[in-house]
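What's in my_file_6.csv: CSV, C-alpha atoms
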```csv
chain,number,residue,atom,x,y,z
Y,1,MET,CA,98.2,84.2,86.9
Y,2,ASN,CA,98.3,87.8,88.2
Y,3,TYR,CA,95.4,89.3,86.2
Y,4,ILE,CA,91.8,88.7,85.4
Y,5,PRO,CA,90.2,89.4,82.0
Y,6,LEU,CA,89.0,93.0,81.8
Y,7,ASP,CA,85.5,91.8,81.2
Y,8,ASP,CA,85.5,89.9,84.5
Y,9,LEU,CA,86.2,93.1,86.4
Y,10,LYS,CA,83.2,93.9,88.7
Y,11,ASN,CA,82.7,97.3,87.0
Y,12,ALA,CA,84.1,96.5,83.6
Y,13,TRP,CA,81.4,98.7,82.1
Y,14,ILE,CA,83.6,101.8,82.7
Y,15,PHE,CA,86.0,100.5,80.1
Y,16,ARG,CA,83.1,99.9,77.6
Y,17,HIS,CA,81.3,103.2,78.0
Y,18,LYS,CA,80.1,104.3,74.6
Y,19,SER,CA,80.9,108.0,75.2
Y,20,LEU,CA,84.5,107.2,76.3
Y,21,PRO,CA,85.7,104.5,73.8
Y,22,ILE,CA,89.0,102.8,74.4
Y,23,SER,CA,91.0,101.2,71.6
Y,24,ASP,CA,91.3,97.4,71.7
Y,25,LYS,CA,95.0,97.8,72.0
Y,26,ASP,CA,94.7,99.9,75.1
Y,27,LYS,CA,92.1,97.6,76.6
Y,28,THR,CA,94.7,94.8,76.5
Y,29,LYS,CA,97.0,96.9,78.6
Y,30,VAL,CA,94.3,97.6,81.3
Y,31,LYS,CA,95.0,94.7,83.6
Y,32,PRO,CA,92.9,94.2,86.7
Y,33,MET,CA,94.7,92.1,89.3
Y,34,VAL,CA,93.5,88.9,90.8
Y,35,THR,CA,92.6,89.4,94.5
Y,36,ALA,CA,95.8,87.8,95.8
Y,37,ARG,CA,98.1,89.9,93.6
Y,38,ALA,CA,96.1,93.1,94.4
Y,39,GLN,CA,96.5,92.5,98.1
Y,40,VAL,CA,100.2,92.1,97.7
Y,41,VAL,CA,100.5,95.4,95.8
Y,42,TRP,CA,98.2,97.2,98.3
Y,43,ASP,CA,100.1,95.8,101.3
Y,44,THR,CA,103.5,96.6,99.8
Y,45,PHE,CA,102.8,100.1,98.4
Y,46,ILE,CA,99.7,101.5,100.2
Y,47,SER,CA,98.9,100.1,103.6
Y,48,ARG,CA,99.1,97.0,105.8
Y,49,GLN,CA,96.5,98.4,108.2
Y,50,VAL,CA,93.4,99.3,106.1
Y,51,ASP,CA,91.5,97.9,103.1
Y,52,HIS,CA,90.2,101.1,101.5
Y,53,PRO,CA,91.2,104.8,101.2
Y,54,ASP,CA,88.4,105.8,103.4
Y,55,PHE,CA,90.1,104.3,106.4
Y,56,PHE,CA,93.7,105.5,106.2
Y,57,LYS,CA,95.1,106.2,109.7
Y,58,LYS,CA,98.3,107.1,111.4
Y,59,GLY,CA,101.1,105.0,110.1
Y,60,ASP,CA,99.8,105.0,106.5
Y,61,TRP,CA,101.7,107.4,104.2
Y,62,PRO,CA,98.5,108.6,102.5
Y,63,PHE,CA,97.2,109.7,105.9
Y,64,GLU,CA,100.3,111.9,106.6
Y,65,GLN,CA,99.8,115.6,105.8
Y,66,ASN,CA,103.4,116.0,104.7
Y,67,THR,CA,102.7,113.5,101.8
Y,68,TRP,CA,100.4,116.0,100.1
Y,69,GLN,CA,101.8,119.2,98.6
Y,70,GLU,CA,98.9,120.6,96.7
Y,71,SER,CA,95.5,119.8,95.4
Y,72,ALA,CA,93.8,120.3,92.0
Y,73,LYS,CA,90.4,120.0,90.5
Y,74,TRP,CA,89.8,117.1,88.0
Y,75,GLU,CA,86.0,116.9,87.6
Y,76,LYS,CA,85.6,120.0,85.4
Y,77,GLN,CA,88.1,118.6,82.9
Y,78,TRP,CA,86.5,115.2,83.2
Y,79,GLU,CA,83.1,116.6,82.2
Y,80,SER,CA,84.5,118.6,79.3
Y,81,GLU,CA,85.4,117.5,75.8
Y,82,GLU,CA,89.1,117.9,76.7
Y,83,SER,CA,90.9,114.6,76.7
Y,84,LEU,CA,94.0,115.5,78.5
Y,85,LEU,CA,94.5,115.1,82.3
Y,86,PRO,CA,94.3,118.4,84.2
Y,87,GLU,CA,97.5,120.4,83.8
Y,88,GLU,CA,98.4,120.3,87.5
Y,89,ILE,CA,98.5,116.5,87.4
Y,90,LEU,CA,100.7,116.5,84.2
Y,91,ASN,CA,103.0,119.0,85.8
Y,92,HIS,CA,103.3,116.9,89.0
Y,93,ILE,CA,104.0,113.6,87.2
Y,94,SER,CA,106.9,113.4,84.8
Y,95,TRP,CA,106.9,109.6,84.2
Y,96,ASP,CA,107.9,108.0,80.9
Y,97,ASN,CA,105.0,106.7,78.9
Y,98,ASN,CA,105.9,103.1,79.5
Y,99,THR,CA,106.1,103.5,83.3
Y,100,VAL,CA,104.0,100.8,85.0
Y,101,ILE,CA,101.3,102.4,87.1
Y,102,TYR,CA,98.9,101.0,89.7
Y,103,PHE,CA,95.4,102.5,90.1
Y,104,CYS,CA,94.7,101.4,93.7
Y,105,CYS,CA,91.0,101.5,94.6
Y,106,ALA,CA,91.1,99.0,97.6
Y,107,ARG,CA,93.1,96.1,98.9
Y,108,ASN,CA,91.3,93.7,96.5
Y,109,ASN,CA,90.9,96.1,93.6
Y,110,VAL,CA,94.1,97.3,91.9
Y,111,ILE,CA,94.5,97.8,88.1
Y,112,GLU,CA,97.8,97.9,86.4
Y,113,THR,CA,98.5,99.7,83.2
Y,114,THR,CA,101.1,102.1,81.7
Y,115,TRP,CA,101.3,105.8,82.2
Y,116,ALA,CA,100.5,106.4,78.5
Y,117,VAL,CA,97.4,104.2,78.6
Y,118,PHE,CA,96.2,105.9,81.8
Y,119,GLN,CA,96.6,109.3,80.2
Y,120,ARG,CA,94.5,108.3,77.3
Y,121,CYS,CA,91.8,106.5,79.4
Y,122,TRP,CA,91.8,108.5,82.6
Y,123,LYS,CA,88.2,109.5,82.3
Y,124,ASN,CA,87.2,105.8,82.3
Y,125,PHE,CA,89.3,105.1,85.4
Y,126,LEU,CA,87.7,108.1,87.2
Y,127,PHE,CA,84.3,106.6,87.2
Y,128,MET,CA,85.9,105.1,90.3
Y,129,ASP,CA,86.6,108.2,92.2
Y,130,ASP,CA,86.2,107.3,95.9
Y,131,GLY,CA,89.8,107.9,96.9
Y,132,PRO,CA,91.9,105.7,94.6
Y,133,LEU,CA,95.6,106.3,94.5
Y,134,LEU,CA,97.6,106.5,91.3
Y,135,ILE,CA,101.1,105.4,91.9
Y,136,GLY,CA,104.0,104.5,89.6
Y,137,LYS,CA,106.2,101.5,89.9
Y,138,LYS,CA,109.5,102.7,91.5
Y,139,ARG,CA,108.2,106.3,91.5
Y,140,LYS,CA,107.5,108.6,94.4
Y,141,GLU,CA,104.9,110.9,92.9
Y,142,VAL,CA,101.3,110.0,93.8
Y,143,VAL,CA,97.8,111.3,93.1
Y,144,GLN,CA,94.7,110.6,95.1
Y,145,PHE,CA,91.4,111.2,93.3
Y,146,LEU,CA,88.5,112.3,95.6
Y,147,SER,CA,84.8,112.1,94.8
Y,148,ASN,CA,84.3,115.8,95.5
Y,149,GLY,CA,86.1,116.5,92.1
Y,150,GLN,CA,89.5,117.3,93.8
Y,151,CYS,CA,92.7,115.4,93.8
Y,152,LYS,CA,95.7,115.5,96.1
Y,153,LEU,CA,99.2,115.7,94.6
Y,154,GLY,CA,102.0,114.4,96.6
Y,155,VAL,CA,105.2,112.5,97.1
Y,156,LYS,CA,105.1,109.1,98.7
Y,157,THR,CA,107.5,108.8,101.6
```
Same coordinates, now as structure tokens:
Amino acid sequence: MNYIPLDDLKNAWIFRHKSLPISDKDKTKVKPMVTARAQVVWDTFISRQVDHPDFFKKGDWPFEQNTWQESAKWEKQWESEESLLPEEILNHISWDNNTVIYFCCARNNVIETTWAVFQRCWKNFLFMDDGPLLIGKKRKEVVQFLSNGQCKLGVKT
């Protein structure tokens, strides 16, 4: 089995927050990975050297300055009544709605969903804002969300 039930996620409350309701259908598509699977995804797509975004170093593509083309602010939109992701992110990512995405918080904390579900539930995901990377399966575009309300937009090399 590659996934744990959403309710077993350490911080599952972010997907049950009363002010940010998620449909039952979308909840079934938010799939936290078991530790072993999360580690494989992290090692394959993020880093074999470090366990968390705070520790990226030379040799990790997220560490390299040429990965990141621009930055944007996400926090103001997150705090507003607006439900859409910030325009800069939507302009940067042109994935199909059914694109499988990975929200990578740490080596042992990766959540899989689809681009459509992430777009509808992004505010819930961003309760975890300490550097997670949003990557798409077989896609080069990447976003890293920072706790200062900024995000970095780039292309994975």
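Using all atoms listed in the file, the shortest contact distance between Leu6 (chain Y) and any of Y:Ala38, Y:Val50, Y:Leu153, Y:Ile111 is found at Y:Ile111.
Between Arg48 (chain Y) and the residues Y:Lys152, Y:Lys18, Y:Ala106, Y:Asp60, the shortest atom-to-atom distance, using only C-alpha atoms, involves Y:Asp60.
With only C-alpha atoms as the atoms that count, the residue of Y:Asn11, Y:Thr157, Y:Ser80, Y:Asn2 with the shortest distance to Val41 (chain Y) is Y:Asn2.
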Using only C-alpha atoms, which residues of region 62-113 of chain Y come within 8 Å of region 140-145 of chain Y, and what is the closest atom pair for each, with the distance in Å to one decimal? Give it as JSON lines, sorted by chain and residue number.
```
{"residue": "Y:Ile89", "atom": "CA", "partner": "Y:Val143", "partner_atom": "CA", "distance": 7.7}
{"residue": "Y:His92", "atom": "CA", "partner": "Y:Glu141", "partner_atom": "CA", "distance": 7.3}
{"residue": "Y:Ile93", "atom": "CA", "partner": "Y:Glu141", "partner_atom": "CA", "distance": 6.4}
```
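Comparing the minimum interatomic distances between Ile14 (chain Y) and each of Y:Ser83, Y:Lys27, Y:Arg37, Y:Glu70, counting only C-alpha atoms, we find that Y:Lys27 sits nearest.
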Query raised in the report: Quick one: distance from CA of Gly136 (chain Y) to CA of Phe103 (chain Y) in Å, one decimal?
Result: 8.8 Å
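Straight-line separation from CA of Pro5 (chain Y) to CA of Leu133 (chain Y): 21.7 Å.
Checking Y:Leu126, Y:Val34, Y:Val110, Y:Val155 one by one against Asp51 (chain Y), counting only C-alpha atoms, you find the shortest gap at Y:Val110.
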**Report entry** Between CA of Phe45 (chain Y) and CA of Asn66 (chain Y) - distance in Å to one decimal
**Finding:** 17.1 Å
